[in-house]
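Here's the structure, in structure tokens; my notes come after.
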Amino acid sequence: MSIIRNERLADAGLEKIKWVKEHMPVLSELANDFSRSKPFSGLRVAICLHLEAKTAYMALVIKEAGADVTITGSNPLSTQDEIAAALVKEGVEVFAWHNATLQEYDEHVYRTAATAPHLIIDDGGDLITLIHKNFPKSLAQVYGGAEETTTGLIRLRAMEKNGVLAFPVMAVNDGLCKYLFDNRYGTGQSVWDGMMRATNLVVAGKNVVIIGYGWCGRGVAMRAEGLGGRVIVCEVDPVKALEAHMDGHQVMPLTKASAIGDIFITVTGCNNVITGEHFAAMKDRAILANAGHFDIEIDKRTLSCAGEGPRRVRPNVDEYVFPGGKRIYLLSEGRLVNLAAADGHPAEIMDMSFGLQVLSLQYLLKNKGTLGNKVIAMPHELDRQVALLKLKGLQLEIDHLSIEQKEYMESWELEGHEA
Ligand SMILES: NC(=O)c1ccc[n+]([C@@H]2O[C@H](COP(=O)([O-])OP(=O)(O)OC[C@H]3O[C@@H](n4cnc5c(N)ncnc54)[C@H](O)[C@@H]3O)[C@@H](O)[C@H]2O)c1
């Protein structure tokens with residue numbers, strides 16, 4: 001029995017799902033194929049992902065492939081109640097509602113884990129870790145899982161290292177068709193969508209401090225620049241810092257950037273990145289947002305001790321007033337701003353990430369019992385399959401190597417001269 005807020009919202013949710021479906025050709029091609037072959041027939045699939053329209057479409061594709069699907073949200077603020085209602089109407093079991101308390105959120109994930117799934121899709125590792133901790137008896141029947149994000153993979157690799165991971169997990173985040181597009185272009189665009197919806201302020205002319213210059217940080221920086229922001233990058237990795245410098249951004253430690261930034265965005269996956277000493281140095285009306293997976297990057301506890309607040313001044317904007325009158329604004333309670341204050345990544349981007357997710361489940365099934373209890377690198381053939389389907393959907397054609405060129409590329413006795 002599903003647990004959602006309001007079943008009457010289903011039609012609005014179905015309309016949203018219909019819209020994204022039009023922009024997700026990879027999933028649609030797979031749905032066509034799976035509706036005939038039914039690869040997941042008789043299997044239970046449990047999903048823990050941001051519960052919005054794109055995720056819902058993927059859940060429906062997996063259901064179309066024959067599975068019994070149960071889903072929960074991977075973040076209380078990103079769940080959309082109309083999407084939850086639409087999925088229930090379509091026969092998916094849902095445990096989620098928007099703005100669940102931490103206790104309610106835990107209960108939703110717990111109930112999803114309790115369905116004893118054969119296959120799992122996770123985002124951040126909450127569902128997989130909970131099954132390991134609370135349902136040890138059902139571990140043996142899990143064929144495998146697929147993890148969506150950087151932070152989840154860090155947790156799962158730690159489980160593998162400690163010898164506790166009980167089934168194979170596909171590193172979907174490490175697929176080329178995932179991080180090159182989702183982390184970079186998806187986060188790059190949707191963070192600014194959330195930022196602008198929440199604040200209705202201009203980016204041009206502002207000092208934008210981006211902390212973490214990984215795949216997500218690069219995208220956020222690239223789009224900040226396009227909007228006219230002056231980008232400052234803070235990093236702990238010397239290579240990434242150098243890359244940011246060569247990309248034309250200012251590079252400095254956060255302690256220095258704190259005094260000049262107008263907007264601060266964390267995208268590190270690390271905890272306590274912006275904390276007391278940084279808040280103390282910030283200007284009046286500094287805006288803070290997080291795009292990393294968990295709400296641990298901005299030290300909210302210290303923020304609420306140092307400043308009076310939170311006082312909600314707009315949806316998704318909380319004000320903290322410091323002694324002397326300085327104000328700091330925190331967006332979306334420090335949770336993923338692109339999902340809490342906007343609709344997450346564009347559908348065209350999630351089409352590729354979710355294409356990889358669905359193909360990963362099929363790969364786990366085909367190779368069950370042979371993969372070992374570890375984090376599995378994304379096989380190149382799955383990336384290639386998603387890229388080819390995407391190009392087809394975009395009606396883009398590419399070149400192909402001739403037999404002679406192929407032989408040349410594979411030969412070690414190269415013809416020709418260097419000079
Ligand atoms: N908002 C979204 O929709 C979205 C999408 C994909 C991934 N994510 C999440 O975003 C986070 C980053 O993902 P990514 O793929 O860019 O990871 P990544 O590993 O490519 O990059 C993270 C970067 O942060 C740097 N870093 C770590 N700790 C730091 C610190 N204390 N100060 C400064 N720099 C630090 C690292 O050196 C690294 O360069 C993860 O939590 C991931 O799960 C969010």
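The way I read the labels, and the way they are meant: chains A, B, ... in the order of the structure tokens, residue 1 as the first residue of every chain, and ligand 1 as the first ligand shown, with later ones counted on from there.
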
As JSON, numbers by chain, please: every residue in stretch 200-336 of chain A that DSSP puts in helix (DSSP H, G or I). {"A": [215, 216, 217, 218, 219, 220, 221, 222, 223, 224, 225, 226, 238, 239, 240, 241, 242, 243, 244, 245, 246, 254, 255, 256, 257, 276, 277, 278, 279, 280, 281, 300, 301, 302, 303, 304, 305, 306, 332, 333, 334]}

Show me which residues are within 8 Å of ligand 1 counting only C-alpha atoms and all ligand atoms, and format the list as a PDB file with C-alpha atoms, in the first residue's frame.
ATOM      1  CA  GLY A 124      23.264   8.576  -2.655  1.00  0.00           C
ATOM      2  CA  THR A 149      25.702   9.754  -7.967  1.00  0.00           C
ATOM      3  CA  THR A 150      29.292  10.512  -6.910  1.00  0.00           C
ATOM      4  CA  THR A 151      28.489  10.603  -3.201  1.00  0.00           C
ATOM      5  CA  GLY A 152      26.689   7.237  -3.303  1.00  0.00           C
ATOM      6  CA  ASN A 173      27.645   7.863 -12.120  1.00  0.00           C
ATOM      7  CA  TYR A 179      28.906  12.468 -15.751  1.00  0.00           C
ATOM      8  CA  ASP A 182      24.356  15.048 -16.182  1.00  0.00           C
ATOM      9  CA  ASN A 183      26.980  16.271 -13.714  1.00  0.00           C
ATOM     10  CA  ARG A 184      28.373  18.928 -16.053  1.00  0.00           C
ATOM     11  CA  GLY A 186      22.662  19.139 -16.105  1.00  0.00           C
ATOM     12  CA  THR A 187      23.950  20.542 -12.832  1.00  0.00           C
ATOM     13  CA  SER A 190      19.645  23.471 -13.259  1.00  0.00           C
ATOM     14  CA  VAL A 191      21.602  25.028 -10.386  1.00  0.00           C
ATOM     15  CA  ILE A 211      33.607  25.380  -4.120  1.00  0.00           C
ATOM     16  CA  GLY A 212      34.585  22.103  -5.798  1.00  0.00           C
ATOM     17  CA  TYR A 213      35.685  22.033  -9.453  1.00  0.00           C
ATOM     18  CA  GLY A 214      34.712  18.458 -10.305  1.00  0.00           C
ATOM     19  CA  TRP A 215      32.288  17.548 -13.075  1.00  0.00           C
ATOM     20  CA  CYS A 216      29.426  19.418 -11.423  1.00  0.00           C
ATOM     21  CA  GLY A 217      31.519  22.426 -10.379  1.00  0.00           C
ATOM     22  CA  ARG A 218      32.867  22.865 -13.918  1.00  0.00           C
ATOM     23  CA  CYS A 234      37.989  27.109  -4.379  1.00  0.00           C
ATOM     24  CA  GLU A 235      39.540  23.621  -4.556  1.00  0.00           C
ATOM     25  CA  VAL A 236      41.621  21.189  -2.522  1.00  0.00           C
ATOM     26  CA  ASP A 237      42.909  19.231  -5.544  1.00  0.00           C
ATOM     27  CA  LYS A 240      41.504  20.750 -10.558  1.00  0.00           C
ATOM     28  CA  LEU A 254      37.662  29.935   0.613  1.00  0.00           C
ATOM     29  CA  VAL A 267      29.562  21.089  -5.049  1.00  0.00           C
ATOM     30  CA  THR A 268      32.148  18.941  -3.302  1.00  0.00           C
ATOM     31  CA  GLY A 269      30.428  15.926  -1.709  1.00  0.00           C
ATOM     32  CA  CYS A 270      32.454  16.847   1.416  1.00  0.00           C
ATOM     33  CA  ASN A 271      31.126  17.993   4.818  1.00  0.00           C
ATOM     34  CA  ASN A 272      31.522  21.345   6.641  1.00  0.00           C
ATOM     35  CA  VAL A 273      32.902  23.140   3.610  1.00  0.00           C
ATOM     36  CA  ASN A 290      24.507  23.759  -2.131  1.00  0.00           C
ATOM     37  CA  ALA A 291      24.441  21.451  -5.154  1.00  0.00           C
ATOM     38  CA  GLY A 292      26.305  18.518  -3.565  1.00  0.00           C
ATOM     39  CA  HIS A 293      24.262  15.438  -2.737  1.00  0.00           C
ATOM     40  CA  PHE A 294      23.757  15.891   1.013  1.00  0.00           C
ATOM     41  CA  LEU A 336      20.429  20.417  -3.561  1.00  0.00           C
ATOM     42  CA  VAL A 337      19.259  23.788  -4.843  1.00  0.00           C
ATOM     43  CA  ASN A 338      18.540  22.559  -8.367  1.00  0.00           C
ATOM     44  CA  LEU A 339      16.112  19.942  -7.122  1.00  0.00           C
ATOM     45  CA  GLY A 344      16.320  19.219 -11.425  1.00  0.00           C
ATOM     46  CA  HIS A 345      18.183  18.471 -14.611  1.00  0.00           C
TER      47      HIS A 345
END

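Selecting strand (DSSP E) from the backbone DSSP output for stretch 58-168 of chain A yields Asp68, Val69, Thr70, Ile71, Thr72, Glu93, Val94, Phe95, Leu119, Ile120, Ile121, Asp122, Gly144, Gly145, Ala146 and Glu147 of chain A.
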
Within 12 Å of A:Trp192, counting only C-alpha atoms, which residues qualify if same-chain residues fewer than 2 places away don't, as number ranges by chain? A: 185-190, 194-203, 208, 219-227, 229, 263, 265, 289-291, 336-339, 341-345

Kindly save the residues from that selection, with C-alpha atoms included, as a PDB file, in the first residue's frame.
ATOM      1  CA  TYR A 185      25.582  20.264 -18.281  1.00  0.00           C
ATOM      2  CA  GLY A 186      22.662  19.139 -16.105  1.00  0.00           C
ATOM      3  CA  THR A 187      23.950  20.542 -12.832  1.00  0.00           C
ATOM      4  CA  GLY A 188      25.418  23.520 -14.699  1.00  0.00           C
ATOM      5  CA  GLN A 189      22.022  24.588 -15.991  1.00  0.00           C
ATOM      6  CA  SER A 190      19.645  23.471 -13.259  1.00  0.00           C
ATOM      7  CA  GLY A 194      16.965  26.925  -8.951  1.00  0.00           C
ATOM      8  CA  MET A 195      19.018  29.940  -7.953  1.00  0.00           C
ATOM      9  CA  MET A 196      17.056  32.309 -10.154  1.00  0.00           C
ATOM     10  CA  ARG A 197      13.650  30.901  -9.253  1.00  0.00           C
ATOM     11  CA  ALA A 198      14.485  31.164  -5.542  1.00  0.00           C
ATOM     12  CA  THR A 199      15.985  34.662  -5.560  1.00  0.00           C
ATOM     13  CA  ASN A 200      14.723  36.378  -8.743  1.00  0.00           C
ATOM     14  CA  LEU A 201      18.077  38.207  -8.746  1.00  0.00           C
ATOM     15  CA  VAL A 202      20.616  38.871 -11.479  1.00  0.00           C
ATOM     16  CA  VAL A 203      23.866  36.913 -11.751  1.00  0.00           C
ATOM     17  CA  VAL A 208      30.208  33.761  -7.796  1.00  0.00           C
ATOM     18  CA  GLY A 219      29.332  22.987 -15.291  1.00  0.00           C
ATOM     19  CA  VAL A 220      28.120  25.433 -12.644  1.00  0.00           C
ATOM     20  CA  ALA A 221      31.147  27.665 -13.301  1.00  0.00           C
ATOM     21  CA  MET A 222      30.697  27.521 -17.075  1.00  0.00           C
ATOM     22  CA  ARG A 223      27.066  28.635 -16.846  1.00  0.00           C
ATOM     23  CA  ALA A 224      27.807  31.291 -14.188  1.00  0.00           C
ATOM     24  CA  GLU A 225      30.274  32.816 -16.618  1.00  0.00           C
ATOM     25  CA  GLY A 226      27.677  32.696 -19.397  1.00  0.00           C
ATOM     26  CA  LEU A 227      25.279  34.613 -17.164  1.00  0.00           C
ATOM     27  CA  GLY A 229      29.073  36.279 -13.167  1.00  0.00           C
ATOM     28  CA  ILE A 263      26.939  34.000  -4.253  1.00  0.00           C
ATOM     29  CA  ILE A 265      27.776  27.356  -4.244  1.00  0.00           C
ATOM     30  CA  ALA A 289      23.488  27.405  -1.908  1.00  0.00           C
ATOM     31  CA  ASN A 290      24.507  23.759  -2.131  1.00  0.00           C
ATOM     32  CA  ALA A 291      24.441  21.451  -5.154  1.00  0.00           C
ATOM     33  CA  LEU A 336      20.429  20.417  -3.561  1.00  0.00           C
ATOM     34  CA  VAL A 337      19.259  23.788  -4.843  1.00  0.00           C
ATOM     35  CA  ASN A 338      18.540  22.559  -8.367  1.00  0.00           C
ATOM     36  CA  LEU A 339      16.112  19.942  -7.122  1.00  0.00           C
ATOM     37  CA  ALA A 341      14.061  25.144  -5.841  1.00  0.00           C
ATOM     38  CA  ALA A 342      13.657  23.908  -9.440  1.00  0.00           C
ATOM     39  CA  ASP A 343      12.811  20.688 -11.277  1.00  0.00           C
ATOM     40  CA  GLY A 344      16.320  19.219 -11.425  1.00  0.00           C
ATOM     41  CA  HIS A 345      18.183  18.471 -14.611  1.00  0.00           C
TER      42      HIS A 345
END

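Neighbours of A:His278 closer than or equal to 9 Å, with only C-alpha atoms counted and sequence neighbours fewer than 4 positions away skipped, come out as A:Leu254, A:Thr255, A:Lys256, A:Ala257, A:Ser258, A:Ala259, A:Ile274, A:Met282.
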
Polymer residues at most 6 Å from A:Tyr143, only C-alpha atoms, same-chain spacing of 5 or more positions, as a PyMOL selection string: chain A and resi 118-119+368

Nearest candidate to A:Pro315 (options A:Glu7, A:Tyr110, A:Asn32, A:Leu77; using only C-alpha atoms): A:Leu77

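The space between atom CA of A:Ala171 and atom CA of A:Leu361 spans 11.5 Å.
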
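Of the residues listed (A:Phe135, A:Phe279, A:Phe34, A:Phe167), A:Phe34 shows the shortest atom-to-atom separation from A:Gln362; distances use only C-alpha atoms.
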
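Our summary of the geometry notes that atom CA of A:Glu333 is positioned 12.5 Å from atom CA of A:Val313.
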
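Across the model, the gap from atom CA of A:Leu127 to atom CA of A:Arg157 is 15.0 Å.
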